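This report refers to the structure that appears directly beneath it.
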Amino acid sequence: MGDAVEGWLAYGLNGRSPKTVENYRHNVDNHLIPLLGKKKLADLSAEDVDKWLADRATRLSTRTLRLLHSLLNRAVRYAQARDKVMRNVVELCEIPAGKEGRPSKSLTLEQAEAVLKASEDSDMHAYIVLSLLIGARQEELRPLTWDHVDLHGDPKAEPPTPRYIEVWHSVCEGGDTKTKKSRRTLALPMRCVVALRLHRLRQRKQAQRQGLQWDPHGLVFPSAAGTELDSHNVRRSFRKVIKAAGLPPKDWTPREMRHSFVSIMSASGVSLEDIARLIGHSGTRVTELVYRKQIKPVIAEGAEAMDTIFQSLKSKH
C-alpha cells in the first residue's frame with residue numbers, strides 16, 4: 001500500500017501546485033502510510049479502510065477525513081489502472097463524521113476598532129486595515145502589487161473615479177483569483193487610503209536607508225527578504241496585534257478579519273447581495289451560512305417593521 005501511495009504521489013499529480021503536493025504529502029506521511037503502508041495492496045479490504053477511517057475520526061475533522069479518503073481512493077485507482085490490483089475497495093467505504101472543527105467567528109465593531117488601533121505601530125497596519133475594511137482574502141493581499149492600487153482616483157472623470165484596489169491575483173497556482181467572481185475592483189475607504197499612503201512612505205524611506213531604489217510596481221506587503229509573505233509570517237505578526245488589542249491571540253486567526261467584514265457590514269444594514277459582490281462570492285449562500293456571524297444581540301428589524309406596518313393600519317381606522 002505504501003508503494004502504491006508513493007507511486008501516485010510521484011507520478012499521478014502532474015499539474016498540481018507545489019503547495020498542493022506538500023499538503024498531500026503531509027497528510028499521507030502522518031495519517032496514511034503509518035497505519036496502512038505495510039498492508040499488501042491486494043489484501044486491502046473495505047473493513048481495513050473502515051477501521052482506519054474510524055480511528056482517524058477520533059482525531060481529525062470531517063473535512064480532513066474526506067481528504068484522506070480521497071487520497072487513498074485516488075492512489076488505489078491509480079494502481080488499479082496499472083493492473084496492480086483488481087478492484088478499488090476504498091470506493092465502497094463511507095466517510096464517518098470527524099471531530100468538530102474550530103468554528104470561525106467575528107470581531108464586534110468595538111473589537112475591530114481595538115485591533116485597528118493596536119496595529120497602528122505595526123508593519124501590519126495597512127494589511128489589517130485592508131483585511132477588515134474591504135474583506136479581501138489573505139491569499140489576495142499577500143501577492144498585491146502597487147500597480148494594482150490607485151490612491152488618487154480621478155475626481156474630474158465622468159463619472160468620477162474613486163480611489164481603488166484591483167483584487168485580480170492570489171497565491172493560487174498561476175496567480176488567478178479563487179473564482180471568476182473573485183476578480184474585482186473595489187473602491188477604497190478613506191481609512192485604507194491613509195494607511196496605504198503611510199505604508200508606502202515607510203517603504204520608500206526603508207529603501208533609501210538600504211541604498212535601494214523603491215519599486216512602484218513591487219509588492220505592497222513584502223517579507224523582510226522582499227518576497228511574498230507566507231501564511232506563517234502573517235499569522236505571527238497578527239497574533240502580536242491581537243494581544244496588544246487585549247484579545248486572546250490563540251482565539252483569533254487572520255482569516256476571521258474577512259468574517260468580521262461580512263458581519264459588521266451585515267449588522268449595519270448592507271444587503272447580503274452587495275456584501276457577496278464585495279467579497280467575491282458568486283451568490284449569497286456561502287456569505288450567509290459561512291461568513292456572516294450574528295453580532296447584534298437582538299434582531300430588531302422584524303419587530304420594528306411590524307410595528308410600523310400595523311400602526312399605519314390602525315391609524316387608518
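Residues in the C-alpha cells are numbered from 1 in each chain, the chains being A, B, ... in the order shown, and ligands are numbered from 1 in the order shown.
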Quick one: DSSP helix (DSSP H, G or I) residues in segment 34-272 of chain A, as a compact mmCIF listing (two decimals) with N, CA and C atoms, in the first residue's frame?
```txt
# COMPACT_ATOMS: atom_id res chain seq x y z
N PRO A 34 1.71 5.43 7.96
CA PRO A 34 2.00 4.76 9.24
C PRO A 34 0.98 3.67 9.62
N LEU A 35 -0.26 3.80 9.13
CA LEU A 35 -1.31 2.86 9.54
C LEU A 35 -1.65 1.81 8.47
N LEU A 36 -1.52 2.18 7.20
CA LEU A 36 -1.88 1.25 6.13
C LEU A 36 -0.71 0.92 5.20
N LEU A 41 -1.38 -4.44 -1.02
CA LEU A 41 -2.43 -3.77 -1.80
C LEU A 41 -3.55 -4.75 -2.16
N ALA A 42 -3.20 -5.96 -2.55
CA ALA A 42 -4.21 -6.94 -2.97
C ALA A 42 -5.04 -7.43 -1.78
N ASP A 43 -4.49 -7.29 -0.57
CA ASP A 43 -5.20 -7.77 0.62
C ASP A 43 -6.03 -6.68 1.31
N ALA A 46 -12.35 -3.56 2.51
CA ALA A 46 -13.20 -2.43 2.90
C ALA A 46 -13.21 -2.28 4.42
N GLU A 47 -13.13 -3.43 5.12
CA GLU A 47 -13.11 -3.39 6.58
C GLU A 47 -11.84 -2.69 7.10
N ASP A 48 -10.71 -2.92 6.43
CA ASP A 48 -9.46 -2.24 6.81
C ASP A 48 -9.62 -0.73 6.67
N VAL A 49 -10.24 -0.32 5.58
CA VAL A 49 -10.42 1.11 5.32
C VAL A 49 -11.40 1.71 6.34
N ASP A 50 -12.48 0.99 6.63
CA ASP A 50 -13.46 1.47 7.62
C ASP A 50 -12.80 1.66 8.99
N LYS A 51 -11.99 0.69 9.40
CA LYS A 51 -11.33 0.78 10.71
C LYS A 51 -10.34 1.95 10.74
N TRP A 52 -9.63 2.12 9.64
CA TRP A 52 -8.67 3.24 9.54
C TRP A 52 -9.39 4.58 9.63
N LEU A 53 -10.47 4.73 8.90
CA LEU A 53 -11.23 5.99 8.94
C LEU A 53 -11.84 6.22 10.33
N ALA A 54 -12.34 5.16 10.95
CA ALA A 54 -12.93 5.29 12.29
C ALA A 54 -11.89 5.74 13.30
N ASP A 55 -10.67 5.21 13.18
CA ASP A 55 -9.59 5.61 14.08
C ASP A 55 -9.23 7.08 13.87
N ARG A 56 -9.11 7.49 12.61
CA ARG A 56 -8.76 8.89 12.32
C ARG A 56 -9.89 9.86 12.72
N ALA A 57 -11.13 9.36 12.71
CA ALA A 57 -12.29 10.21 13.05
C ALA A 57 -12.25 10.68 14.51
N THR A 62 -14.06 16.30 9.98
CA THR A 62 -14.71 15.61 8.85
C THR A 62 -14.08 16.04 7.53
N ARG A 63 -13.72 17.30 7.43
CA ARG A 63 -13.09 17.80 6.19
C ARG A 63 -11.78 17.08 5.91
N THR A 64 -10.95 16.87 6.96
CA THR A 64 -9.68 16.17 6.77
C THR A 64 -9.92 14.71 6.44
N LEU A 65 -10.95 14.10 7.04
CA LEU A 65 -11.28 12.71 6.71
C LEU A 65 -11.66 12.57 5.24
N ARG A 66 -12.40 13.54 4.73
CA ARG A 66 -12.77 13.50 3.31
C ARG A 66 -11.52 13.54 2.43
N LEU A 67 -10.57 14.39 2.83
CA LEU A 67 -9.34 14.50 2.06
C LEU A 67 -8.56 13.19 2.11
N LEU A 68 -8.43 12.59 3.29
CA LEU A 68 -7.70 11.33 3.43
C LEU A 68 -8.34 10.20 2.61
N HIS A 69 -9.67 10.14 2.67
CA HIS A 69 -10.40 9.13 1.87
C HIS A 69 -10.12 9.36 0.38
N SER A 70 -10.13 10.61 -0.03
CA SER A 70 -9.88 10.94 -1.44
C SER A 70 -8.46 10.56 -1.84
N LEU A 71 -7.47 10.82 -0.98
CA LEU A 71 -6.08 10.50 -1.30
C LEU A 71 -5.90 8.99 -1.46
N LEU A 72 -6.45 8.22 -0.52
CA LEU A 72 -6.34 6.76 -0.60
C LEU A 72 -7.07 6.23 -1.83
N ASN A 73 -8.25 6.76 -2.08
CA ASN A 73 -9.05 6.32 -3.22
C ASN A 73 -8.31 6.58 -4.54
N ARG A 74 -7.72 7.74 -4.65
CA ARG A 74 -7.02 8.09 -5.90
C ARG A 74 -5.76 7.25 -6.07
N ALA A 75 -5.07 6.97 -4.96
CA ALA A 75 -3.86 6.16 -5.03
C ALA A 75 -4.19 4.73 -5.48
N VAL A 76 -5.25 4.15 -4.92
CA VAL A 76 -5.65 2.79 -5.30
C VAL A 76 -6.17 2.76 -6.74
N ARG A 77 -6.91 3.79 -7.12
CA ARG A 77 -7.42 3.86 -8.50
C ARG A 77 -6.26 3.97 -9.50
N TYR A 78 -5.23 4.71 -9.12
CA TYR A 78 -4.03 4.85 -9.96
C TYR A 78 -3.35 3.49 -10.13
N ALA A 79 -3.26 2.73 -9.02
CA ALA A 79 -2.66 1.40 -9.07
C ALA A 79 -3.54 0.43 -9.88
N GLN A 80 -4.86 0.57 -9.74
CA GLN A 80 -5.80 -0.28 -10.47
C GLN A 80 -5.66 -0.09 -11.98
N ALA A 81 -5.47 1.15 -12.40
CA ALA A 81 -5.31 1.45 -13.83
C ALA A 81 -4.02 0.85 -14.39
N VAL A 89 -11.47 -1.08 -3.27
CA VAL A 89 -12.42 -1.24 -2.17
C VAL A 89 -12.69 0.08 -1.45
N VAL A 90 -11.82 1.07 -1.66
CA VAL A 90 -11.98 2.37 -0.97
C VAL A 90 -13.29 3.03 -1.40
N GLU A 91 -13.67 2.82 -2.67
CA GLU A 91 -14.90 3.41 -3.18
C GLU A 91 -16.14 2.88 -2.48
N LEU A 92 -16.03 1.72 -1.82
CA LEU A 92 -17.18 1.11 -1.14
C LEU A 92 -17.37 1.66 0.28
N LEU A 109 -17.78 45.37 16.35
CA LEU A 109 -17.29 46.65 15.87
C LEU A 109 -16.27 47.24 16.85
N GLU A 110 -16.55 47.12 18.15
CA GLU A 110 -15.64 47.65 19.17
C GLU A 110 -14.32 46.88 19.17
N GLN A 111 -14.38 45.55 19.02
CA GLN A 111 -13.15 44.76 18.97
C GLN A 111 -12.35 45.08 17.71
N ALA A 112 -13.05 45.25 16.58
CA ALA A 112 -12.38 45.59 15.33
C ALA A 112 -11.64 46.92 15.45
N GLU A 113 -12.28 47.90 16.09
CA GLU A 113 -11.64 49.20 16.29
C GLU A 113 -10.41 49.06 17.19
N ALA A 114 -10.50 48.21 18.21
CA ALA A 114 -9.36 47.97 19.10
C ALA A 114 -8.20 47.34 18.34
N VAL A 115 -8.50 46.41 17.43
CA VAL A 115 -7.45 45.77 16.63
C VAL A 115 -6.81 46.78 15.69
N LEU A 116 -7.62 47.62 15.07
CA LEU A 116 -7.08 48.66 14.17
C LEU A 116 -6.16 49.61 14.92
N LYS A 117 -6.57 50.02 16.11
CA LYS A 117 -5.75 50.93 16.93
C LYS A 117 -4.45 50.25 17.34
N ALA A 118 -4.56 48.99 17.77
CA ALA A 118 -3.37 48.27 18.24
C ALA A 118 -2.36 48.02 17.12
N HIS A 125 -0.10 47.24 9.86
CA HIS A 125 -1.26 48.12 9.99
C HIS A 125 -2.08 48.19 8.70
N ALA A 126 -1.44 48.51 7.58
CA ALA A 126 -2.17 48.64 6.31
C ALA A 126 -2.80 47.32 5.90
N TYR A 127 -2.10 46.21 6.15
CA TYR A 127 -2.60 44.88 5.83
C TYR A 127 -3.89 44.60 6.61
N ILE A 128 -3.86 44.90 7.90
CA ILE A 128 -5.03 44.65 8.76
C ILE A 128 -6.18 45.58 8.41
N VAL A 129 -5.87 46.83 8.11
CA VAL A 129 -6.92 47.78 7.71
C VAL A 129 -7.62 47.29 6.45
N LEU A 130 -6.87 46.83 5.46
CA LEU A 130 -7.48 46.32 4.23
C LEU A 130 -8.30 45.07 4.50
N SER A 131 -7.77 44.18 5.33
CA SER A 131 -8.49 42.94 5.64
C SER A 131 -9.85 43.22 6.26
N LEU A 132 -9.88 44.17 7.19
CA LEU A 132 -11.11 44.46 7.92
C LEU A 132 -12.07 45.37 7.16
N LEU A 133 -11.54 46.26 6.31
CA LEU A 133 -12.40 47.28 5.70
C LEU A 133 -12.79 47.00 4.26
N ILE A 134 -12.12 46.04 3.59
CA ILE A 134 -12.60 45.65 2.25
C ILE A 134 -12.86 44.15 2.16
N GLN A 138 -6.85 36.57 2.55
CA GLN A 138 -5.42 36.66 2.88
C GLN A 138 -4.57 36.34 1.65
N GLU A 139 -4.98 35.35 0.87
CA GLU A 139 -4.20 34.96 -0.31
C GLU A 139 -4.32 35.98 -1.44
N GLU A 140 -5.24 36.94 -1.33
CA GLU A 140 -5.34 38.02 -2.31
C GLU A 140 -4.47 39.21 -1.91
N LEU A 141 -4.26 39.41 -0.62
CA LEU A 141 -3.46 40.54 -0.16
C LEU A 141 -1.96 40.27 -0.25
N TRP A 146 1.83 47.32 -6.06
CA TRP A 146 1.42 48.72 -6.04
C TRP A 146 0.75 49.16 -7.35
N ASP A 147 1.06 48.51 -8.46
CA ASP A 147 0.43 48.92 -9.71
C ASP A 147 -1.03 48.49 -9.79
N HIS A 148 -1.51 47.79 -8.76
CA HIS A 148 -2.93 47.45 -8.68
C HIS A 148 -3.63 48.26 -7.59
N GLU A 173 -2.19 28.68 -7.81
CA GLU A 173 -1.34 28.32 -8.93
C GLU A 173 -1.71 29.15 -10.15
N GLY A 174 -0.71 29.80 -10.77
CA GLY A 174 -0.94 30.65 -11.93
C GLY A 174 -1.29 32.07 -11.55
N GLY A 175 -1.52 32.34 -10.27
CA GLY A 175 -1.80 33.70 -9.82
C GLY A 175 -3.23 34.14 -9.96
N LYS A 180 -13.89 33.26 -10.84
CA LYS A 180 -14.03 34.42 -11.73
C LYS A 180 -14.65 35.61 -11.00
N LYS A 181 -15.63 35.32 -10.13
CA LYS A 181 -16.28 36.38 -9.38
C LYS A 181 -15.33 37.05 -8.38
N SER A 182 -14.27 36.33 -8.00
CA SER A 182 -13.32 36.88 -7.04
C SER A 182 -12.49 38.01 -7.65
N MET A 190 -11.58 55.72 3.02
CA MET A 190 -10.52 56.69 3.27
C MET A 190 -9.50 56.17 4.29
N ARG A 191 -9.97 55.39 5.26
CA ARG A 191 -9.03 54.86 6.25
C ARG A 191 -8.01 53.93 5.58
N CYS A 192 -8.42 53.19 4.56
CA CYS A 192 -7.50 52.35 3.81
C CYS A 192 -6.51 53.21 3.02
N VAL A 193 -7.01 54.29 2.41
CA VAL A 193 -6.16 55.19 1.63
C VAL A 193 -5.05 55.76 2.51
N VAL A 194 -5.43 56.26 3.67
CA VAL A 194 -4.45 56.86 4.59
C VAL A 194 -3.43 55.81 5.03
N ALA A 195 -3.90 54.63 5.40
CA ALA A 195 -2.99 53.57 5.86
C ALA A 195 -2.02 53.15 4.76
N LEU A 196 -2.51 53.05 3.52
CA LEU A 196 -1.65 52.64 2.41
C LEU A 196 -0.64 53.73 2.06
N ARG A 197 -1.04 54.99 2.14
CA ARG A 197 -0.10 56.08 1.86
C ARG A 197 1.04 56.09 2.88
N LEU A 198 0.70 55.92 4.15
CA LEU A 198 1.73 55.87 5.19
C LEU A 198 2.62 54.64 5.00
N HIS A 199 2.01 53.53 4.63
CA HIS A 199 2.75 52.28 4.40
C HIS A 199 3.73 52.46 3.24
N ARG A 200 3.29 53.10 2.17
CA ARG A 200 4.16 53.32 1.00
C ARG A 200 5.29 54.27 1.36
N LEU A 201 5.00 55.29 2.15
CA LEU A 201 6.03 56.24 2.58
C LEU A 201 7.10 55.54 3.40
N ARG A 202 6.66 54.64 4.31
CA ARG A 202 7.63 53.88 5.13
C ARG A 202 8.49 52.97 4.25
N GLN A 203 7.87 52.38 3.24
CA GLN A 203 8.62 51.52 2.32
C GLN A 203 9.71 52.31 1.59
N ARG A 204 9.34 53.50 1.13
CA ARG A 204 10.32 54.33 0.40
C ARG A 204 11.49 54.72 1.30
N LYS A 205 11.18 55.11 2.53
CA LYS A 205 12.24 55.51 3.46
C LYS A 205 13.15 54.33 3.79
N GLN A 206 12.54 53.15 3.95
CA GLN A 206 13.33 51.96 4.24
C GLN A 206 14.25 51.63 3.07
N ALA A 207 13.74 51.77 1.84
CA ALA A 207 14.56 51.51 0.66
C ALA A 207 15.73 52.49 0.59
N GLN A 208 15.48 53.76 0.93
CA GLN A 208 16.55 54.77 0.93
C GLN A 208 17.63 54.43 1.94
N ARG A 209 17.21 53.98 3.14
CA ARG A 209 18.18 53.63 4.17
C ARG A 209 19.07 52.47 3.73
N SER A 231 1.71 32.47 4.91
CA SER A 231 0.67 32.50 5.94
C SER A 231 1.27 32.51 7.35
N HIS A 232 2.44 31.93 7.52
CA HIS A 232 3.07 31.90 8.84
C HIS A 232 3.54 33.30 9.25
N ASN A 233 4.12 34.05 8.28
CA ASN A 233 4.52 35.44 8.56
C ASN A 233 3.33 36.25 9.06
N VAL A 234 2.24 36.14 8.32
CA VAL A 234 1.05 36.93 8.64
C VAL A 234 0.48 36.54 9.99
N ARG A 235 0.36 35.23 10.23
CA ARG A 235 -0.23 34.75 11.47
C ARG A 235 0.60 35.19 12.69
N ARG A 236 1.92 35.13 12.57
CA ARG A 236 2.79 35.51 13.68
C ARG A 236 2.64 36.99 14.01
N SER A 237 2.65 37.85 12.99
CA SER A 237 2.50 39.29 13.22
C SER A 237 1.10 39.64 13.70
N PHE A 238 0.11 38.93 13.17
CA PHE A 238 -1.28 39.19 13.54
C PHE A 238 -1.52 38.89 15.02
N ARG A 239 -0.92 37.82 15.53
CA ARG A 239 -1.11 37.46 16.93
C ARG A 239 -0.57 38.53 17.87
N LYS A 240 0.52 39.16 17.47
CA LYS A 240 1.08 40.24 18.30
C LYS A 240 0.10 41.40 18.39
N VAL A 241 -0.54 41.73 17.27
CA VAL A 241 -1.52 42.82 17.25
C VAL A 241 -2.75 42.46 18.08
N ILE A 242 -3.22 41.23 17.92
CA ILE A 242 -4.38 40.77 18.69
C ILE A 242 -4.11 40.86 20.19
N LYS A 243 -2.91 40.46 20.60
CA LYS A 243 -2.53 40.52 22.01
C LYS A 243 -2.50 41.97 22.49
N ALA A 244 -1.96 42.87 21.66
CA ALA A 244 -1.91 44.29 22.02
C ALA A 244 -3.30 44.90 22.12
N PRO A 249 -4.64 35.84 21.81
CA PRO A 249 -4.05 35.59 20.49
C PRO A 249 -4.43 34.24 19.89
N LYS A 250 -4.58 33.20 20.74
CA LYS A 250 -4.88 31.87 20.21
C LYS A 250 -6.33 31.73 19.74
N ASP A 251 -7.16 32.69 20.09
CA ASP A 251 -8.58 32.61 19.75
C ASP A 251 -8.91 33.21 18.38
N GLU A 256 -10.29 35.48 10.00
CA GLU A 256 -11.51 35.93 10.66
C GLU A 256 -11.72 37.44 10.51
N MET A 257 -10.74 38.14 9.96
CA MET A 257 -10.97 39.55 9.64
C MET A 257 -11.95 39.66 8.46
N ARG A 258 -11.88 38.71 7.55
CA ARG A 258 -12.84 38.69 6.43
C ARG A 258 -14.24 38.36 6.94
N HIS A 259 -14.34 37.42 7.87
CA HIS A 259 -15.63 37.11 8.50
C HIS A 259 -16.16 38.35 9.24
N SER A 260 -15.25 39.08 9.87
CA SER A 260 -15.65 40.27 10.62
C SER A 260 -16.18 41.36 9.67
N PHE A 261 -15.53 41.51 8.50
CA PHE A 261 -16.00 42.46 7.49
C PHE A 261 -17.46 42.16 7.11
N VAL A 262 -17.72 40.89 6.81
CA VAL A 262 -19.08 40.49 6.40
C VAL A 262 -20.07 40.77 7.52
N SER A 263 -19.73 40.39 8.75
CA SER A 263 -20.66 40.50 9.87
C SER A 263 -20.94 41.96 10.22
N ILE A 264 -19.90 42.78 10.22
CA ILE A 264 -20.07 44.21 10.55
C ILE A 264 -20.90 44.91 9.47
N MET A 265 -20.64 44.58 8.22
CA MET A 265 -21.42 45.17 7.12
C MET A 265 -22.89 44.76 7.23
N SER A 266 -23.12 43.47 7.50
CA SER A 266 -24.49 42.97 7.61
C SER A 266 -25.22 43.62 8.78
N ALA A 267 -24.52 43.76 9.92
CA ALA A 267 -25.13 44.37 11.10
C ALA A 267 -25.47 45.83 10.87
N LEU A 272 -27.09 41.36 1.77
CA LEU A 272 -26.23 40.21 1.51
C LEU A 272 -25.74 40.17 0.07
```
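The coordinates place atom CA of Ser17 of chain A at 28.3 Å from atom CA of Val85 of chain A.
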Atom CA of Ala245 of chain A to atom CA of Val220 of chain A, distance in Å rounded to a single decimal
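Separation between atom CA of Ala245 of chain A and atom CA of Val220 of chain A: 24.2 Å.
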